Amino acid sequence: MDLTKYGHACVALSKDGRRLVIDPGAFTEDGVIGDAEAVLVTHEHPDHLSVEALDAAWAQNPELRVWTTAAVAEVLGDRDGRVTAVTDGDTFTAAGFDVTAVGEWHAVIHPDVPRMQNVGFVVDGTVFHPGDAFTMPGRPVETLLTPAHAPWSKLQEIIDWVRAVSPVRTVSVHDGALNDRGLGLVNRMLGAGGPGTGAQHLVLASGETVRLP
């Protein structure tokens, strides 16, 4: 499986000539959905969901399928049955990948800010994208897409969550609001320069691909 990071919180997974995109949002480059057969959307915040990008993708490929929360499905509409709402524990196949939906709620930003639905996705039993939450995947995963910076987190929580999940490797995502100094600090703390998570920490430039075992 190949994993390519795009922009902020978006990644694409590819295998056997098929492609799955997760969380193409407003900070993601244009055209990233491209020839993907399916898209997964964790929640409705605009850095994870770009309706405009999905509309453009549907114009090119009317057969594109989307799996997401009920709230996002309501925003997108049924699209002739091509948008499917999922919740914690649901399983399905998207672009040839076996996917399990995990979790229900976005992390708390502030008690005065209403929480929204958030569902993470375990793909092929090995890769976990949590969206905006420190959800536990409920099973061992080898690759953990790790939100490096958010208004709902602090570094201690990120490190402790990675330790609890205990993946083989982490891939830094959700880092589009950091400048170079901030990126360096956070990724150093999550990697060899920090207190240790037990996992290899990968930092990918936008458009960079890594081959997962």
# chains A, B, ... in the order shown; residues from 1 in each chain; ligands from 1
>>> residues_around(residues="A:Ala95", least_positions_apart="5", cutoff="8 Å", atoms="only C-alpha atoms", output="PyMOL selection string")
chain A and resi 18-20+36-38
>>> closest_atom_pairs(of="stretch 13-73 of chain A", to="stretch 118-128 of chain A", cutoff="8 Å", atoms="only C-alpha atoms", output="JSON lines")
{"residue": "A:Leu40", "atom": "CA", "partner": "A:Phe121", "partner_atom": "CA", "distance": 7.9}
{"residue": "A:Thr42", "atom": "CA", "partner": "A:Val119", "partner_atom": "CA", "distance": 5.0}
{"residue": "A:His43", "atom": "CA", "partner": "A:Asn118", "partner_atom": "CA", "distance": 4.9}
{"residue": "A:Thr68", "atom": "CA", "partner": "A:Val119", "partner_atom": "CA", "distance": 7.4}
{"residue": "A:Thr69", "atom": "CA", "partner": "A:Val119", "partner_atom": "CA", "distance": 6.5}
>>> select_by_dssp(residues="stretch 7-195 of chain A", states="strand (DSSP E or B)", output="JSON, numbers by chain")
{"A": [10, 11, 12, 13, 14, 15, 18, 19, 20, 21, 22, 38, 39, 40, 65, 66, 67, 68, 83, 84, 85, 91, 92, 93, 94, 97, 98, 99, 100, 101, 102, 105, 117, 120, 121, 122, 123, 127, 128, 129, 143, 144, 145, 146, 147, 169, 170, 171, 172, 173]}
>>> residues_around(residues="A:Pro195", least_positions_apart="4", cutoff="12 Å", atoms="only C-alpha atoms", output="short mmCIF file (atom, residue, chain, number, x, y, z; two decimals) with N, CA, C and O atoms, in the first residue's frame")
data_model
loop_
_atom_site.label_atom_id
_atom_site.label_comp_id
_atom_site.auth_asym_id
_atom_site.auth_seq_id
_atom_site.Cartn_x
_atom_site.Cartn_y
_atom_site.Cartn_z
N LEU A 155 0.44 18.79 23.33
CA LEU A 155 1.45 17.82 22.95
C LEU A 155 1.48 16.61 23.88
O LEU A 155 1.67 15.47 23.42
N GLN A 156 1.29 16.83 25.16
CA GLN A 156 1.29 15.71 26.10
C GLN A 156 0.22 14.69 25.72
O GLN A 156 0.46 13.48 25.74
N ILE A 158 -1.09 14.18 22.76
CA ILE A 158 -0.73 13.49 21.52
C ILE A 158 0.24 12.35 21.82
O ILE A 158 0.05 11.21 21.35
N ILE A 159 1.27 12.64 22.60
CA ILE A 159 2.27 11.62 22.92
C ILE A 159 1.63 10.45 23.67
O ILE A 159 1.87 9.27 23.35
N ASP A 160 0.79 10.75 24.66
CA ASP A 160 0.17 9.68 25.44
C ASP A 160 -0.79 8.85 24.60
O ASP A 160 -0.91 7.63 24.79
N VAL A 162 -0.49 8.30 21.28
CA VAL A 162 0.34 7.44 20.44
C VAL A 162 0.86 6.25 21.25
O VAL A 162 0.83 5.10 20.79
N ARG A 163 1.31 6.51 22.46
CA ARG A 163 1.78 5.41 23.30
C ARG A 163 0.67 4.40 23.55
O ARG A 163 0.91 3.18 23.54
N VAL A 186 7.15 20.38 17.03
CA VAL A 186 6.20 19.31 17.28
C VAL A 186 6.73 17.98 16.77
O VAL A 186 6.68 16.96 17.47
N ASN A 187 7.26 17.97 15.57
CA ASN A 187 7.74 16.71 15.02
C ASN A 187 8.99 16.19 15.73
O ASN A 187 9.19 14.98 15.82
N ARG A 188 9.81 17.11 16.24
CA ARG A 188 10.94 16.67 17.06
C ARG A 188 10.45 15.99 18.34
O ARG A 188 10.97 14.94 18.75
N MET A 189 9.43 16.55 18.96
CA MET A 189 8.90 15.98 20.20
C MET A 189 8.21 14.63 19.96
O MET A 189 8.22 13.75 20.81
N LEU A 190 7.60 14.47 18.78
CA LEU A 190 6.96 13.20 18.46
C LEU A 190 7.96 12.17 17.95
O LEU A 190 7.63 10.98 17.87
N GLY A 191 9.15 12.62 17.60
CA GLY A 191 10.16 11.73 17.06
C GLY A 191 11.29 11.46 18.04
O GLY A 191 11.09 11.44 19.26
N ALA A 199 7.14 4.58 18.60
CA ALA A 199 6.85 4.44 17.18
C ALA A 199 7.81 5.29 16.35
O ALA A 199 8.27 6.34 16.80
#
>>> closest_residue(among="A:Asp175, A:Asp23, A:Asp98, A:Asp47", to="A:Pro130", atoms="only C-alpha atoms")
A:Asp23
>>> residues_around(residues="A:His8", least_positions_apart="2", cutoff="6 Å", atoms="only C-alpha atoms", output="PyMOL selection string")
chain A and resi 10+27+174-176
>>> closest_residue(among="A:Ile109, A:Val72, A:Val168, A:Met116", to="A:Pro213", atoms="only C-alpha atoms")
A:Val168
>>> residues_around(residues="A:Leu178", least_positions_apart="5", cutoff="10 Å", atoms="only C-alpha atoms", output="tab-separated table (two decimals) with all heavy atoms, in the first residue's frame")
chain	number	residue	atom	x	y	z
A	8	HIS	N	-2.97	19.44	4.54
A	8	HIS	CA	-3.16	19.53	5.98
A	8	HIS	C	-3.51	18.18	6.60
A	8	HIS	O	-2.66	17.55	7.23
A	8	HIS	CB	-4.26	20.56	6.22
A	8	HIS	CG	-4.73	20.72	7.62
A	8	HIS	ND1	-3.90	21.10	8.65
A	8	HIS	CD2	-5.96	20.54	8.17
A	8	HIS	CE1	-4.61	21.18	9.77
A	8	HIS	NE2	-5.86	20.84	9.51
A	148	ALA	N	-0.91	16.54	14.49
A	148	ALA	CA	0.24	17.14	15.15
A	148	ALA	C	-0.10	18.43	15.89
A	148	ALA	O	0.62	18.83	16.80
A	148	ALA	CB	1.34	17.42	14.12
A	149	HIS	N	-1.20	19.08	15.48
A	149	HIS	CA	-1.53	20.38	16.07
A	149	HIS	C	-3.00	20.66	15.84
A	149	HIS	O	-3.51	20.48	14.73
A	149	HIS	CB	-0.69	21.48	15.43
A	149	HIS	CG	-1.11	22.85	15.82
A	149	HIS	ND1	-1.93	23.64	15.03
A	149	HIS	CD2	-0.83	23.59	16.93
A	149	HIS	CE1	-2.13	24.80	15.63
A	149	HIS	NE2	-1.48	24.80	16.78
A	150	ALA	N	-3.68	21.08	16.90
A	150	ALA	CA	-5.11	21.39	16.78
A	150	ALA	C	-5.54	22.24	17.96
A	150	ALA	O	-4.90	22.20	19.02
A	150	ALA	CB	-5.94	20.11	16.74
A	183	LEU	N	6.36	23.36	13.21
A	183	LEU	CA	6.45	22.01	12.68
A	183	LEU	C	7.69	21.30	13.21
A	183	LEU	O	7.64	20.13	13.61
A	183	LEU	CB	6.50	22.05	11.15
A	183	LEU	CG	5.18	22.30	10.42
A	183	LEU	CD1	5.45	22.60	8.95
A	183	LEU	CD2	4.26	21.11	10.56
A	184	GLY	N	8.81	22.01	13.21
A	184	GLY	CA	10.04	21.41	13.69
A	184	GLY	C	9.95	21.00	15.14
A	184	GLY	O	10.39	19.91	15.53
A	185	LEU	N	9.36	21.87	15.96
A	185	LEU	CA	9.23	21.58	17.39
A	185	LEU	C	8.34	20.37	17.62
A	185	LEU	O	8.73	19.42	18.33
A	185	LEU	CB	8.65	22.80	18.11
A	185	LEU	CG	8.24	22.59	19.57
A	185	LEU	CD1	9.44	22.21	20.42
A	185	LEU	CD2	7.55	23.83	20.11
A	186	VAL	N	7.15	20.38	17.03
A	186	VAL	CA	6.20	19.31	17.28
A	186	VAL	C	6.73	17.98	16.77
A	186	VAL	O	6.68	16.96	17.47
A	186	VAL	CB	4.83	19.64	16.65
A	186	VAL	CG1	3.91	18.43	16.71
A	186	VAL	CG2	4.19	20.82	17.37
